[in-house]
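**Q** Dropping the structure in here first, questions after.
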Amino acid sequence: MNDRETLSTDVLVIGGGLAGTWAAIAAARKGAAVVLADKGYCGTSGVAATSGPGHWWVAPEQREAAIDKREALSRFGLAERKWMHRIMAETWEQLPTLEGYYGFHSEADGSKYYRGLRGPEYLRALRRQCVDLGVRILDQSPAVELLRHTDGAVAGARLYQRQAHRQLEVRAAGVILATGGTTFLSGLLGSHTNTGDGHLMAAELGAAFSGMEFSSLYCVAQAHTSITRTMIYTFADYFDADGRELDISFFEPHMDRRLAAELLKGPVYCSLRRVPEDIRRDLASISPNVPVSFARRGTDPYRERFEITLHAEGTIRGIGGICIVGAQCETGVPGLYATGDVATRERVAGAISGGGAINAAWALSSGCWSGRAVAQLAKTQGRRDREPVHGSARSGLGGAGRAQISAHEAVAAVQAEILPYDKNIFRTGPKLRDSLDQLERTWTALGAGIAGPDIQKNREAAALTATARWCYRAALDREESRGQQQRVDFPETNPAFASRLLVGGLEQLWTRLEKEAVHD
Amino acid sequence: MIEVILSDRCNACGLCVKACPMNVLDQVFNGTPEIARREDCQSCFMCELYCKEDAIYVAPDCDRRVAVDERQLRASGLLGQFRRDSGWDEWADTHENKHHLMEQVFARAAVAQAAFKHAVDEGKT
């Protein structure tokens, strides 16, 4: 480890999904030297690559009305009209710049359909755009820890290039976190690269979080599969084990809670008999992975009932993440920016999910803003790459002689608290307190040392444990029901909580309501 | 989870090793990659998309192993289905990406649901 290789650049982006690639593109277009490090492969990593992100795509003259509609839908505050305008404007400007990289559909009137892109092709286009702009992409290179200057500013990151089996230190004027949210390895399609790595690294430099209590959505899939593609389930009819039809529709609020309540009683089956013939024919051309999965399971979903399950969406379709303190997605740690799902999306989504459209527009926009900001920072302040730097990791480094726990055991312990429907969906104070006690034990055991040499897995275990603690601590302290956060013991919305809730801390957790309630 | 890489089809290009977001595979010099960490596979099918030889079979089962008979698999038509339906490589001209229809499907389902609800409310079902 003494002969660690080093690399110097203007901008370091950690994570190569939607937010990370857009950040790299925006920075490179400003003339900055950019390194993008992806834990897996930039093009297949992250939840966008396996799905089909639609973007919030609204013509300028229709934006006020679109925001009115959105606010009527949510009614729970926490969002800001100004930020909604900003992501609509940025998205409107940026998506057409992928012309030539993505095969946008031409409408009958000759206009192009820009707002919805299929994941694998979208990420492939973004990667090619990055390469053409000179972005240096480091695949299979998870970040182990952030590096900091003596004055507390971020100085870069230490990567572990897991296929070359070597460490690499990247020094940069600024670092953009684009590591995604986390589902705690729930099985949600494409989410297993996203283990809260960015959350932990940011916290180790002193960043805080917001909206972590909004982390209890679940998504339907055929049992034993990860195919959480919802489109076809808009036509779903559900049945219990006795064949009784359940009155649950895709279009009702909290439908995942209704399904979860049934699943706690016994297996639930689905029929897609109502899907029109032409949609059945087109499904393979719209979402190819959906019929591929059914065919390989030997299921004819239009003629037979098949068993379903729910996978937790954690903080991905959830809302919380690293607290944003400035218009360019600053985190409060000098030089460190948070984008996409690793950042809180409350400013644009409020207390209900931004779903695909708002979250994708947010990922694109937050990426572009921070990319430009760090490019500018590199110009004005320079790389500072001759100054001494320090590592910042405190937990999950392993190596201790008296290890009490393995990474695998820690992850299982976290999942036992955060994935079960009865604990996460039907939240009560006593249940949350019990879970927090268990998570605290896991965190303490990790602090004493992890058995096993795999530095990536060890850090992931620490990151998942830390992130689960922030989620449940925020859920415990928001003693009300608001949007996605539903408390069985506090079913009403309480105006005293009409504010964002900050949470943070590694050894000692803390929460605090932002001083002012958020009203426009 | 990824179940099999057919070594007679594999041309040892190494792209699946690089493209797997979960680092499930190990490169073997001039040979078929080894499925070294199957337990990490997230069943996302991405390796199949990047395999022009259609040598890889990923079972959709994410939480259990599935027995695969290679002879049946070759005859099944399932190999390469995802890459073909995605219109990648040689399929670009024949398999159009119709992702733009997605929001129409959502809208039609909402209309169908509203009509159904209305019928229930009126006591017609």
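We label chains A, B, ... in the order they appear in the structure tokens, count residues from 1 in each chain, and number ligands from 1 in the order shown.
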Select residues of chain A: the criterion is any atom within 8 Å of an atom of chain B, counting only C-alpha atoms; output as a PyMOL selection string.
**A** chain A and resi 39-41+43-45+50+52+105+113+116-118+139-140+187+189-190+192-193+224-227+231+234-235+249+251+279+282+284-289+292-293+295-297
**Q** Could you dump the residues just selected with N, CA and C atoms as a tab-separated table (two decimals), in the first residue's frame?
**A**
```
chain	number	residue	atom	x	y	z
A	39	LYS	N	-18.06	1.96	-9.36
A	39	LYS	CA	-17.83	0.72	-8.63
A	39	LYS	C	-17.90	-0.47	-9.57
A	40	GLY	N	-18.89	-0.45	-10.48
A	40	GLY	CA	-19.04	-1.51	-11.47
A	40	GLY	C	-18.60	-1.03	-12.84
A	41	TYR	N	-19.55	-0.95	-13.75
A	41	TYR	CA	-19.24	-0.53	-15.11
A	41	TYR	C	-20.15	0.65	-15.45
A	43	GLY	N	-22.38	2.34	-17.40
A	43	GLY	CA	-23.19	1.85	-18.52
A	43	GLY	C	-24.15	0.76	-18.06
A	44	THR	N	-23.75	0.01	-17.03
A	44	THR	CA	-24.66	-1.02	-16.49
A	44	THR	C	-24.93	-0.83	-15.00
A	45	SER	N	-24.13	-0.02	-14.34
A	45	SER	CA	-24.30	0.17	-12.89
A	45	SER	C	-25.48	1.07	-12.59
A	50	THR	N	-31.01	-0.36	-15.73
A	50	THR	CA	-31.85	-1.54	-15.94
A	50	THR	C	-33.32	-1.17	-16.10
A	52	GLY	N	-36.16	2.34	-17.23
A	52	GLY	CA	-36.44	3.24	-18.35
A	52	GLY	C	-36.84	4.60	-17.83
A	105	HIS	N	-36.96	8.81	-30.64
A	105	HIS	CA	-38.08	8.52	-31.52
A	105	HIS	C	-38.62	9.81	-32.15
A	113	TYR	N	-39.06	12.80	-29.51
A	113	TYR	CA	-39.50	12.41	-28.17
A	113	TYR	C	-38.25	12.25	-27.31
A	116	GLY	N	-38.34	10.29	-22.42
A	116	GLY	CA	-38.21	8.94	-21.86
A	116	GLY	C	-37.14	8.17	-22.61
A	117	LEU	N	-36.22	7.58	-21.90
A	117	LEU	CA	-35.14	6.83	-22.54
A	117	LEU	C	-35.02	5.46	-21.88
A	118	ARG	N	-34.73	4.45	-22.69
A	118	ARG	CA	-34.56	3.12	-22.12
A	118	ARG	C	-33.17	3.01	-21.50
A	139	ASP	N	-13.58	1.98	-14.59
A	139	ASP	CA	-14.60	1.00	-14.22
A	139	ASP	C	-14.08	0.11	-13.10
A	140	GLN	N	-15.00	-0.61	-12.48
A	140	GLN	CA	-14.67	-1.60	-11.45
A	140	GLN	C	-13.72	-1.00	-10.40
A	187	GLY	N	-33.08	-6.60	-3.54
A	187	GLY	CA	-33.51	-7.35	-4.72
A	187	GLY	C	-34.12	-6.45	-5.77
A	189	LEU	N	-34.46	-4.28	-8.87
A	189	LEU	CA	-33.64	-4.46	-10.06
A	189	LEU	C	-32.52	-3.40	-10.17
A	190	GLY	N	-31.32	-3.88	-10.33
A	190	GLY	CA	-30.18	-3.00	-10.59
A	190	GLY	C	-29.64	-2.27	-9.38
A	192	HIS	N	-28.12	-3.37	-6.58
A	192	HIS	CA	-27.14	-3.95	-5.65
A	192	HIS	C	-25.74	-3.33	-5.72
A	193	THR	N	-25.52	-2.47	-6.71
A	193	THR	CA	-24.29	-1.69	-6.68
A	193	THR	C	-24.39	-0.56	-5.65
A	224	HIS	N	-39.44	-14.40	-6.41
A	224	HIS	CA	-38.12	-14.96	-6.73
A	224	HIS	C	-37.42	-14.26	-7.88
A	225	THR	N	-37.96	-13.14	-8.37
A	225	THR	CA	-37.25	-12.38	-9.41
A	225	THR	C	-37.01	-10.95	-8.93
A	226	SER	N	-36.11	-10.28	-9.66
A	226	SER	CA	-35.79	-8.88	-9.37
A	226	SER	C	-36.49	-7.92	-10.34
A	227	ILE	N	-37.40	-8.45	-11.14
A	227	ILE	CA	-37.93	-7.61	-12.22
A	227	ILE	C	-39.00	-6.65	-11.69
A	231	MET	N	-44.61	-1.01	-15.21
A	231	MET	CA	-45.58	-0.64	-16.25
A	231	MET	C	-46.68	-1.67	-16.43
A	234	THR	N	-49.69	-2.04	-14.05
A	234	THR	CA	-50.80	-1.08	-14.02
A	234	THR	C	-52.11	-1.78	-14.35
A	235	PHE	N	-52.02	-2.94	-15.01
A	235	PHE	CA	-53.22	-3.70	-15.36
A	235	PHE	C	-53.44	-4.89	-14.42
A	249	SER	N	-55.58	-1.56	-6.47
A	249	SER	CA	-55.27	-1.06	-7.80
A	249	SER	C	-53.95	-0.31	-7.77
A	251	PHE	N	-53.30	2.36	-9.03
A	251	PHE	CA	-53.46	3.81	-9.04
A	251	PHE	C	-53.91	4.40	-7.70
A	279	ILE	N	-50.55	-4.22	-26.42
A	279	ILE	CA	-49.50	-3.95	-25.43
A	279	ILE	C	-48.71	-5.23	-25.16
A	282	ASP	N	-46.23	-5.46	-27.91
A	282	ASP	CA	-45.17	-4.45	-27.88
A	282	ASP	C	-44.26	-4.55	-26.66
A	284	ALA	N	-42.09	-6.55	-25.45
A	284	ALA	CA	-40.67	-6.90	-25.65
A	284	ALA	C	-39.89	-5.75	-26.27
A	285	SER	N	-40.58	-4.85	-26.98
A	285	SER	CA	-39.91	-3.71	-27.60
A	285	SER	C	-39.88	-2.50	-26.67
A	286	ILE	N	-40.73	-2.52	-25.64
A	286	ILE	CA	-40.75	-1.41	-24.68
A	286	ILE	C	-39.80	-1.73	-23.52
A	287	SER	N	-40.05	-2.85	-22.87
A	287	SER	CA	-39.24	-3.28	-21.71
A	287	SER	C	-38.80	-4.73	-21.93
A	288	PRO	N	-37.74	-4.95	-22.70
A	288	PRO	CA	-37.38	-6.32	-23.09
A	288	PRO	C	-37.15	-7.26	-21.91
A	289	ASN	N	-36.69	-6.74	-20.78
A	289	ASN	CA	-36.37	-7.65	-19.68
A	289	ASN	C	-37.61	-8.26	-19.03
A	292	VAL	N	-38.64	-11.41	-21.09
A	292	VAL	CA	-37.51	-12.35	-20.94
A	292	VAL	C	-37.64	-13.10	-19.61
A	293	SER	N	-37.93	-12.36	-18.56
A	293	SER	CA	-38.03	-12.98	-17.24
A	293	SER	C	-39.21	-13.95	-17.17
A	295	ALA	N	-40.67	-15.54	-19.62
A	295	ALA	CA	-40.42	-16.70	-20.48
A	295	ALA	C	-39.49	-17.69	-19.78
A	296	ARG	N	-38.47	-17.17	-19.12
A	296	ARG	CA	-37.50	-18.07	-18.49
A	296	ARG	C	-38.06	-18.74	-17.25
A	297	ARG	N	-39.05	-18.10	-16.63
A	297	ARG	CA	-39.72	-18.75	-15.50
A	297	ARG	C	-40.80	-19.71	-15.98
```
**Q** Give me, as a PDB file with all heavy atoms, in the first residue's frame, the residues of chain B that a backbone DSSP run labels strand (DSSP E).
**A**
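Result written to states-v1.pdb:
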```pdb
ATOM      1  N   ILE B   2     -26.758 -15.595 -12.764  1.00  0.00           N
ATOM      2  CA  ILE B   2     -26.086 -16.161 -13.936  1.00  0.00           C
ATOM      3  C   ILE B   2     -25.863 -17.653 -13.684  1.00  0.00           C
ATOM      4  O   ILE B   2     -25.365 -18.044 -12.632  1.00  0.00           O
ATOM      5  CB  ILE B   2     -24.764 -15.421 -14.245  1.00  0.00           C
ATOM      6  CG1 ILE B   2     -24.119 -15.971 -15.522  1.00  0.00           C
ATOM      7  CG2 ILE B   2     -23.807 -15.461 -13.064  1.00  0.00           C
ATOM      8  CD1 ILE B   2     -22.968 -15.114 -16.049  1.00  0.00           C
ATOM      9  N   GLU B   3     -26.282 -18.474 -14.642  1.00  0.00           N
ATOM     10  CA  GLU B   3     -26.163 -19.918 -14.448  1.00  0.00           C
ATOM     11  C   GLU B   3     -25.046 -20.517 -15.285  1.00  0.00           C
ATOM     12  O   GLU B   3     -24.347 -21.409 -14.830  1.00  0.00           O
ATOM     13  CB  GLU B   3     -27.494 -20.618 -14.764  1.00  0.00           C
ATOM     14  CG  GLU B   3     -28.564 -20.414 -13.690  1.00  0.00           C
ATOM     15  CD  GLU B   3     -28.183 -21.010 -12.339  1.00  0.00           C
ATOM     16  OE1 GLU B   3     -27.274 -21.853 -12.281  1.00  0.00           O
ATOM     17  OE2 GLU B   3     -28.790 -20.610 -11.329  1.00  0.00           O
ATOM     18  N   VAL B   4     -24.903 -20.033 -16.512  1.00  0.00           N
ATOM     19  CA  VAL B   4     -23.942 -20.722 -17.366  1.00  0.00           C
ATOM     20  C   VAL B   4     -23.363 -19.782 -18.432  1.00  0.00           C
ATOM     21  O   VAL B   4     -24.035 -18.848 -18.889  1.00  0.00           O
ATOM     22  CB  VAL B   4     -24.614 -21.958 -18.027  1.00  0.00           C
ATOM     23  CG1 VAL B   4     -25.730 -21.557 -18.967  1.00  0.00           C
ATOM     24  CG2 VAL B   4     -23.598 -22.827 -18.754  1.00  0.00           C
ATOM     25  N   ILE B   5     -22.088 -20.000 -18.776  1.00  0.00           N
ATOM     26  CA  ILE B   5     -21.479 -19.408 -19.955  1.00  0.00           C
ATOM     27  C   ILE B   5     -21.048 -20.570 -20.846  1.00  0.00           C
ATOM     28  O   ILE B   5     -20.249 -21.417 -20.426  1.00  0.00           O
ATOM     29  CB  ILE B   5     -20.257 -18.534 -19.613  1.00  0.00           C
ATOM     30  CG1 ILE B   5     -20.633 -17.471 -18.570  1.00  0.00           C
ATOM     31  CG2 ILE B   5     -19.708 -17.863 -20.874  1.00  0.00           C
ATOM     32  CD1 ILE B   5     -19.466 -16.600 -18.129  1.00  0.00           C
ATOM     33  N   LEU B  25     -17.679 -12.084 -12.396  1.00  0.00           N
ATOM     34  CA  LEU B  25     -16.876 -12.959 -13.245  1.00  0.00           C
ATOM     35  C   LEU B  25     -15.386 -12.675 -13.110  1.00  0.00           C
ATOM     36  O   LEU B  25     -14.975 -11.543 -12.853  1.00  0.00           O
ATOM     37  CB  LEU B  25     -17.295 -12.756 -14.711  1.00  0.00           C
ATOM     38  CG  LEU B  25     -18.803 -12.900 -14.969  1.00  0.00           C
ATOM     39  CD1 LEU B  25     -19.144 -12.450 -16.383  1.00  0.00           C
ATOM     40  CD2 LEU B  25     -19.247 -14.326 -14.736  1.00  0.00           C
ATOM     41  N   ASP B  26     -14.602 -13.711 -13.323  1.00  0.00           N
ATOM     42  CA  ASP B  26     -13.147 -13.564 -13.392  1.00  0.00           C
ATOM     43  C   ASP B  26     -12.672 -13.906 -14.796  1.00  0.00           C
ATOM     44  O   ASP B  26     -13.117 -14.906 -15.378  1.00  0.00           O
ATOM     45  CB  ASP B  26     -12.458 -14.494 -12.385  1.00  0.00           C
ATOM     46  CG  ASP B  26     -12.381 -13.870 -10.995  1.00  0.00           C
ATOM     47  OD1 ASP B  26     -12.632 -12.646 -10.876  1.00  0.00           O
ATOM     48  OD2 ASP B  26     -12.094 -14.605 -10.033  1.00  0.00           O
ATOM     49  N   GLU B  34     -14.741 -17.275 -15.669  1.00  0.00           N
ATOM     50  CA  GLU B  34     -15.218 -18.113 -14.576  1.00  0.00           C
ATOM     51  C   GLU B  34     -16.296 -17.366 -13.791  1.00  0.00           C
ATOM     52  O   GLU B  34     -16.136 -16.171 -13.497  1.00  0.00           O
ATOM     53  CB  GLU B  34     -14.037 -18.438 -13.651  1.00  0.00           C
ATOM     54  CG  GLU B  34     -14.405 -19.304 -12.469  1.00  0.00           C
ATOM     55  CD  GLU B  34     -13.328 -19.303 -11.385  1.00  0.00           C
ATOM     56  OE1 GLU B  34     -12.224 -18.787 -11.652  1.00  0.00           O
ATOM     57  OE2 GLU B  34     -13.608 -19.796 -10.279  1.00  0.00           O
ATOM     58  N   ILE B  35     -17.388 -18.060 -13.476  1.00  0.00           N
ATOM     59  CA  ILE B  35     -18.426 -17.460 -12.616  1.00  0.00           C
ATOM     60  C   ILE B  35     -17.909 -17.589 -11.183  1.00  0.00           C
ATOM     61  O   ILE B  35     -18.145 -18.589 -10.501  1.00  0.00           O
ATOM     62  CB  ILE B  35     -19.780 -18.160 -12.806  1.00  0.00           C
ATOM     63  CG1 ILE B  35     -20.215 -18.084 -14.282  1.00  0.00           C
ATOM     64  CG2 ILE B  35     -20.838 -17.515 -11.916  1.00  0.00           C
ATOM     65  CD1 ILE B  35     -21.447 -18.914 -14.620  1.00  0.00           C
ATOM     66  N   ILE B  56     -24.243 -16.444 -22.831  1.00  0.00           N
ATOM     67  CA  ILE B  56     -24.544 -16.381 -21.391  1.00  0.00           C
ATOM     68  C   ILE B  56     -26.031 -16.611 -21.140  1.00  0.00           C
ATOM     69  O   ILE B  56     -26.879 -16.104 -21.878  1.00  0.00           O
ATOM     70  CB  ILE B  56     -24.142 -15.003 -20.814  1.00  0.00           C
ATOM     71  CG1 ILE B  56     -22.661 -14.721 -21.107  1.00  0.00           C
ATOM     72  CG2 ILE B  56     -24.432 -14.929 -19.314  1.00  0.00           C
ATOM     73  CD1 ILE B  56     -22.201 -13.339 -20.675  1.00  0.00           C
ATOM     74  N   TYR B  57     -26.322 -17.357 -20.095  1.00  0.00           N
ATOM     75  CA  TYR B  57     -27.719 -17.515 -19.661  1.00  0.00           C
ATOM     76  C   TYR B  57     -27.846 -17.093 -18.205  1.00  0.00           C
ATOM     77  O   TYR B  57     -27.222 -17.667 -17.316  1.00  0.00           O
ATOM     78  CB  TYR B  57     -28.200 -18.963 -19.817  1.00  0.00           C
ATOM     79  CG  TYR B  57     -29.640 -19.141 -19.393  1.00  0.00           C
ATOM     80  CD1 TYR B  57     -30.675 -18.723 -20.223  1.00  0.00           C
ATOM     81  CD2 TYR B  57     -29.960 -19.689 -18.150  1.00  0.00           C
ATOM     82  CE1 TYR B  57     -32.007 -18.872 -19.832  1.00  0.00           C
ATOM     83  CE2 TYR B  57     -31.288 -19.835 -17.751  1.00  0.00           C
ATOM     84  CZ  TYR B  57     -32.305 -19.423 -18.601  1.00  0.00           C
ATOM     85  OH  TYR B  57     -33.611 -19.557 -18.209  1.00  0.00           O
ATOM     86  N   VAL B  58     -28.677 -16.062 -17.994  1.00  0.00           N
ATOM     87  CA  VAL B  58     -28.992 -15.605 -16.641  1.00  0.00           C
ATOM     88  C   VAL B  58     -30.416 -16.041 -16.320  1.00  0.00           C
ATOM     89  O   VAL B  58     -31.350 -15.695 -17.059  1.00  0.00           O
ATOM     90  CB  VAL B  58     -28.888 -14.066 -16.523  1.00  0.00           C
ATOM     91  CG1 VAL B  58     -29.295 -13.604 -15.128  1.00  0.00           C
ATOM     92  CG2 VAL B  58     -27.488 -13.586 -16.857  1.00  0.00           C
TER      93      VAL B  58
END
```
**Q** In Å to one decimal, how far is atom CA of Gly20 of chain A from atom CA of Ala363 of chain A?
**A** 8.2 Å
**Q** Between atom CA of Ser7 of chain B and atom CA of Thr94 of chain B, what is the distance, to one decimal in Å?
**A**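 If I compute the distance from atom CA of Ser7 of chain B to atom CA of Thr94 of chain B, I get 28.0 Å.
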**Q** I'd like the interatomic distance between atom CA of Glu417 of chain A and atom CA of Gly429 of chain A, to a tenth of an Å.
**A**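 For atom CA of Glu417 of chain A relative to atom CA of Gly429 of chain A, the distance reads 13.8 Å.
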**Q** Near Val170 of chain A, counting only C-alpha atoms, which residues have an atom at most 9 Å away, once you skip same-chain residues fewer than 5 positions from it, shown as a PDB file with all heavy atoms, in the first residue's frame?
**A**
```
ATOM      1  N   GLU A   5      -0.607   4.016  -6.350  1.00  0.00           N
ATOM      2  CA  GLU A   5      -0.541   4.919  -7.504  1.00  0.00           C
ATOM      3  C   GLU A   5      -1.398   6.145  -7.247  1.00  0.00           C
ATOM      4  O   GLU A   5      -2.410   6.077  -6.564  1.00  0.00           O
ATOM      5  CB  GLU A   5      -1.068   4.200  -8.744  1.00  0.00           C
ATOM      6  CG  GLU A   5      -0.081   3.205  -9.307  1.00  0.00           C
ATOM      7  CD  GLU A   5      -0.572   2.679 -10.637  1.00  0.00           C
ATOM      8  OE1 GLU A   5      -0.782   3.489 -11.559  1.00  0.00           O
ATOM      9  OE2 GLU A   5      -0.754   1.463 -10.734  1.00  0.00           O
ATOM     10  N   THR A   6      -1.002   7.266  -7.815  1.00  0.00           N
ATOM     11  CA  THR A   6      -1.806   8.472  -7.662  1.00  0.00           C
ATOM     12  C   THR A   6      -2.091   9.082  -9.022  1.00  0.00           C
ATOM     13  O   THR A   6      -1.384   8.846  -9.999  1.00  0.00           O
ATOM     14  CB  THR A   6      -1.102   9.539  -6.791  1.00  0.00           C
ATOM     15  OG1 THR A   6       0.126   9.886  -7.433  1.00  0.00           O
ATOM     16  CG2 THR A   6      -0.839   9.033  -5.402  1.00  0.00           C
ATOM     17  N   LEU A   7      -3.175   9.861  -9.036  1.00  0.00           N
ATOM     18  CA  LEU A   7      -3.670  10.468 -10.262  1.00  0.00           C
ATOM     19  C   LEU A   7      -4.177  11.841  -9.855  1.00  0.00           C
ATOM     20  O   LEU A   7      -4.753  11.987  -8.791  1.00  0.00           O
ATOM     21  CB  LEU A   7      -4.837   9.595 -10.749  1.00  0.00           C
ATOM     22  CG  LEU A   7      -5.312   9.684 -12.176  1.00  0.00           C
ATOM     23  CD1 LEU A   7      -4.230   9.200 -13.109  1.00  0.00           C
ATOM     24  CD2 LEU A   7      -6.550   8.786 -12.321  1.00  0.00           C
ATOM     25  N   SER A   8      -3.943  12.839 -10.693  1.00  0.00           N
ATOM     26  CA  SER A   8      -4.420  14.180 -10.378  1.00  0.00           C
ATOM     27  C   SER A   8      -5.365  14.658 -11.477  1.00  0.00           C
ATOM     28  O   SER A   8      -5.114  14.437 -12.659  1.00  0.00           O
ATOM     29  CB  SER A   8      -3.231  15.134 -10.252  1.00  0.00           C
ATOM     30  OG  SER A   8      -3.693  16.455 -10.107  1.00  0.00           O
ATOM     31  N   THR A   9      -6.464  15.290 -11.066  1.00  0.00           N
ATOM     32  CA  THR A   9      -7.441  15.771 -12.047  1.00  0.00           C
ATOM     33  C   THR A   9      -8.147  17.007 -11.492  1.00  0.00           C
ATOM     34  O   THR A   9      -7.964  17.357 -10.322  1.00  0.00           O
ATOM     35  CB  THR A   9      -8.457  14.663 -12.374  1.00  0.00           C
ATOM     36  OG1 THR A   9      -9.294  15.098 -13.455  1.00  0.00           O
ATOM     37  CG2 THR A   9      -9.332  14.329 -11.177  1.00  0.00           C
ATOM     38  N   LEU A  12     -13.329  14.950  -9.788  1.00  0.00           N
ATOM     39  CA  LEU A  12     -13.526  13.511  -9.588  1.00  0.00           C
ATOM     40  C   LEU A  12     -15.006  13.256  -9.354  1.00  0.00           C
ATOM     41  O   LEU A  12     -15.606  13.833  -8.449  1.00  0.00           O
ATOM     42  CB  LEU A  12     -12.718  13.006  -8.387  1.00  0.00           C
ATOM     43  CG  LEU A  12     -13.022  11.556  -7.955  1.00  0.00           C
ATOM     44  CD1 LEU A  12     -12.708  10.555  -9.061  1.00  0.00           C
ATOM     45  CD2 LEU A  12     -12.265  11.194  -6.674  1.00  0.00           C
ATOM     46  N   VAL A  35     -12.195  12.769 -14.049  1.00  0.00           N
ATOM     47  CA  VAL A  35     -12.093  11.325 -13.825  1.00  0.00           C
ATOM     48  C   VAL A  35     -13.422  10.863 -13.248  1.00  0.00           C
ATOM     49  O   VAL A  35     -13.945  11.469 -12.309  1.00  0.00           O
ATOM     50  CB  VAL A  35     -10.951  10.976 -12.845  1.00  0.00           C
ATOM     51  CG1 VAL A  35     -11.006   9.501 -12.448  1.00  0.00           C
ATOM     52  CG2 VAL A  35      -9.598  11.299 -13.471  1.00  0.00           C
ATOM     53  N   LEU A 147     -10.533  11.580   0.664  1.00  0.00           N
ATOM     54  CA  LEU A 147      -9.329  12.180   1.229  1.00  0.00           C
ATOM     55  C   LEU A 147      -9.649  13.631   1.569  1.00  0.00           C
ATOM     56  O   LEU A 147     -10.430  14.286   0.879  1.00  0.00           O
ATOM     57  CB  LEU A 147      -8.188  12.127   0.208  1.00  0.00           C
ATOM     58  CG  LEU A 147      -7.871  10.735  -0.344  1.00  0.00           C
ATOM     59  CD1 LEU A 147      -6.879  10.825  -1.505  1.00  0.00           C
ATOM     60  CD2 LEU A 147      -7.329   9.840   0.766  1.00  0.00           C
ATOM     61  N   ALA A 155     -10.230  16.383  -0.740  1.00  0.00           N
ATOM     62  CA  ALA A 155      -9.018  16.436  -1.572  1.00  0.00           C
ATOM     63  C   ALA A 155      -9.003  15.362  -2.656  1.00  0.00           C
ATOM     64  O   ALA A 155      -8.114  15.349  -3.503  1.00  0.00           O
ATOM     65  CB  ALA A 155      -7.787  16.267  -0.679  1.00  0.00           C
ATOM     66  N   GLY A 156      -9.994  14.461  -2.648  1.00  0.00           N
ATOM     67  CA  GLY A 156     -10.005  13.365  -3.612  1.00  0.00           C
ATOM     68  C   GLY A 156     -10.536  12.115  -2.964  1.00  0.00           C
ATOM     69  O   GLY A 156     -11.305  12.185  -1.998  1.00  0.00           O
ATOM     70  N   ALA A 157     -10.126  10.970  -3.490  1.00  0.00           N
ATOM     71  CA  ALA A 157     -10.615   9.706  -2.944  1.00  0.00           C
ATOM     72  C   ALA A 157      -9.587   8.617  -3.160  1.00  0.00           C
ATOM     73  O   ALA A 157      -8.766   8.682  -4.067  1.00  0.00           O
ATOM     74  CB  ALA A 157     -11.937   9.309  -3.590  1.00  0.00           C
ATOM     75  N   ARG A 158      -9.672   7.633  -2.305  1.00  0.00           N
ATOM     76  CA  ARG A 158      -8.876   6.426  -2.478  1.00  0.00           C
ATOM     77  C   ARG A 158      -9.788   5.369  -3.087  1.00  0.00           C
ATOM     78  O   ARG A 158     -10.876   5.094  -2.567  1.00  0.00           O
ATOM     79  CB  ARG A 158      -8.341   5.964  -1.118  1.00  0.00           C
ATOM     80  CG  ARG A 158      -7.554   4.657  -1.175  1.00  0.00           C
ATOM     81  CD  ARG A 158      -6.641   4.529   0.040  1.00  0.00           C
ATOM     82  NE  ARG A 158      -7.374   4.371   1.287  1.00  0.00           N
ATOM     83  CZ  ARG A 158      -7.573   3.179   1.889  1.00  0.00           C
ATOM     84  NH1 ARG A 158      -7.112   2.074   1.339  1.00  0.00           N
ATOM     85  NH2 ARG A 158      -8.220   3.101   3.035  1.00  0.00           N
ATOM     86  N   LEU A 159      -9.361   4.819  -4.211  1.00  0.00           N
ATOM     87  CA  LEU A 159     -10.148   3.803  -4.907  1.00  0.00           C
ATOM     88  C   LEU A 159      -9.477   2.456  -4.747  1.00  0.00           C
ATOM     89  O   LEU A 159      -8.262   2.367  -4.574  1.00  0.00           O
ATOM     90  CB  LEU A 159     -10.246   4.125  -6.408  1.00  0.00           C
ATOM     91  CG  LEU A 159     -10.645   5.539  -6.823  1.00  0.00           C
ATOM     92  CD1 LEU A 159     -10.636   5.642  -8.353  1.00  0.00           C
ATOM     93  CD2 LEU A 159     -12.020   5.905  -6.277  1.00  0.00           C
TER      94      LEU A 159
END
```
**Q** Please determine, counting only C-alpha atoms, which residue among B:Leu79, B:Ala12, B:Val120, B:Ala92 has the shortest atom-to-atom distance to Glu48 of chain B.
**A**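 Closest to Glu48 of chain B of all the choices is B:Leu79.
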**Q** Residues near Ala351 of chain A, anyone? I mean within 9 Å using only C-alpha atoms, not counting same-chain ones fewer than 2 positions away, as a list in words.
**A**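 My list of contacting residues is Ser74, Arg75, Phe76, Gly77, Leu78, Ala79, Gly211, Phe214, Gly318, Ile319, Glu346, Ala349, Ser353, Gly354, Arg482, Gly483, Gln484 and Gln485 of chain A.
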**Q** Which residues of segment 162-220 of chain A have any atom within 12 Å of an atom in segment 432-455 of chain A when counting only C-alpha atoms, and what is the closest pair of atoms for each, with the distance in Å to one decimal? Order the rows by chain and rising number and write it as CSV.
**A**
```
residue,atom,partner,partner_atom,distance
A:Arg162,CA,A:Ile455,CA,9.8
A:His165,CA,A:Asp454,CA,10.9
A:Arg166,CA,A:Ile455,CA,11.6
A:Gln167,CA,A:Ile455,CA,10.8
A:Glu213,CA,A:Leu432,CA,11.2
```
**Q** Would you please extract all helix (DSSP H, G or I) residues from chain B, as assigned by DSSP on the backbone, and give them as number ranges by chain?
**A** B: 15-19, 38-40, 46-49, 70-76, 81-85, 89-91, 99-121
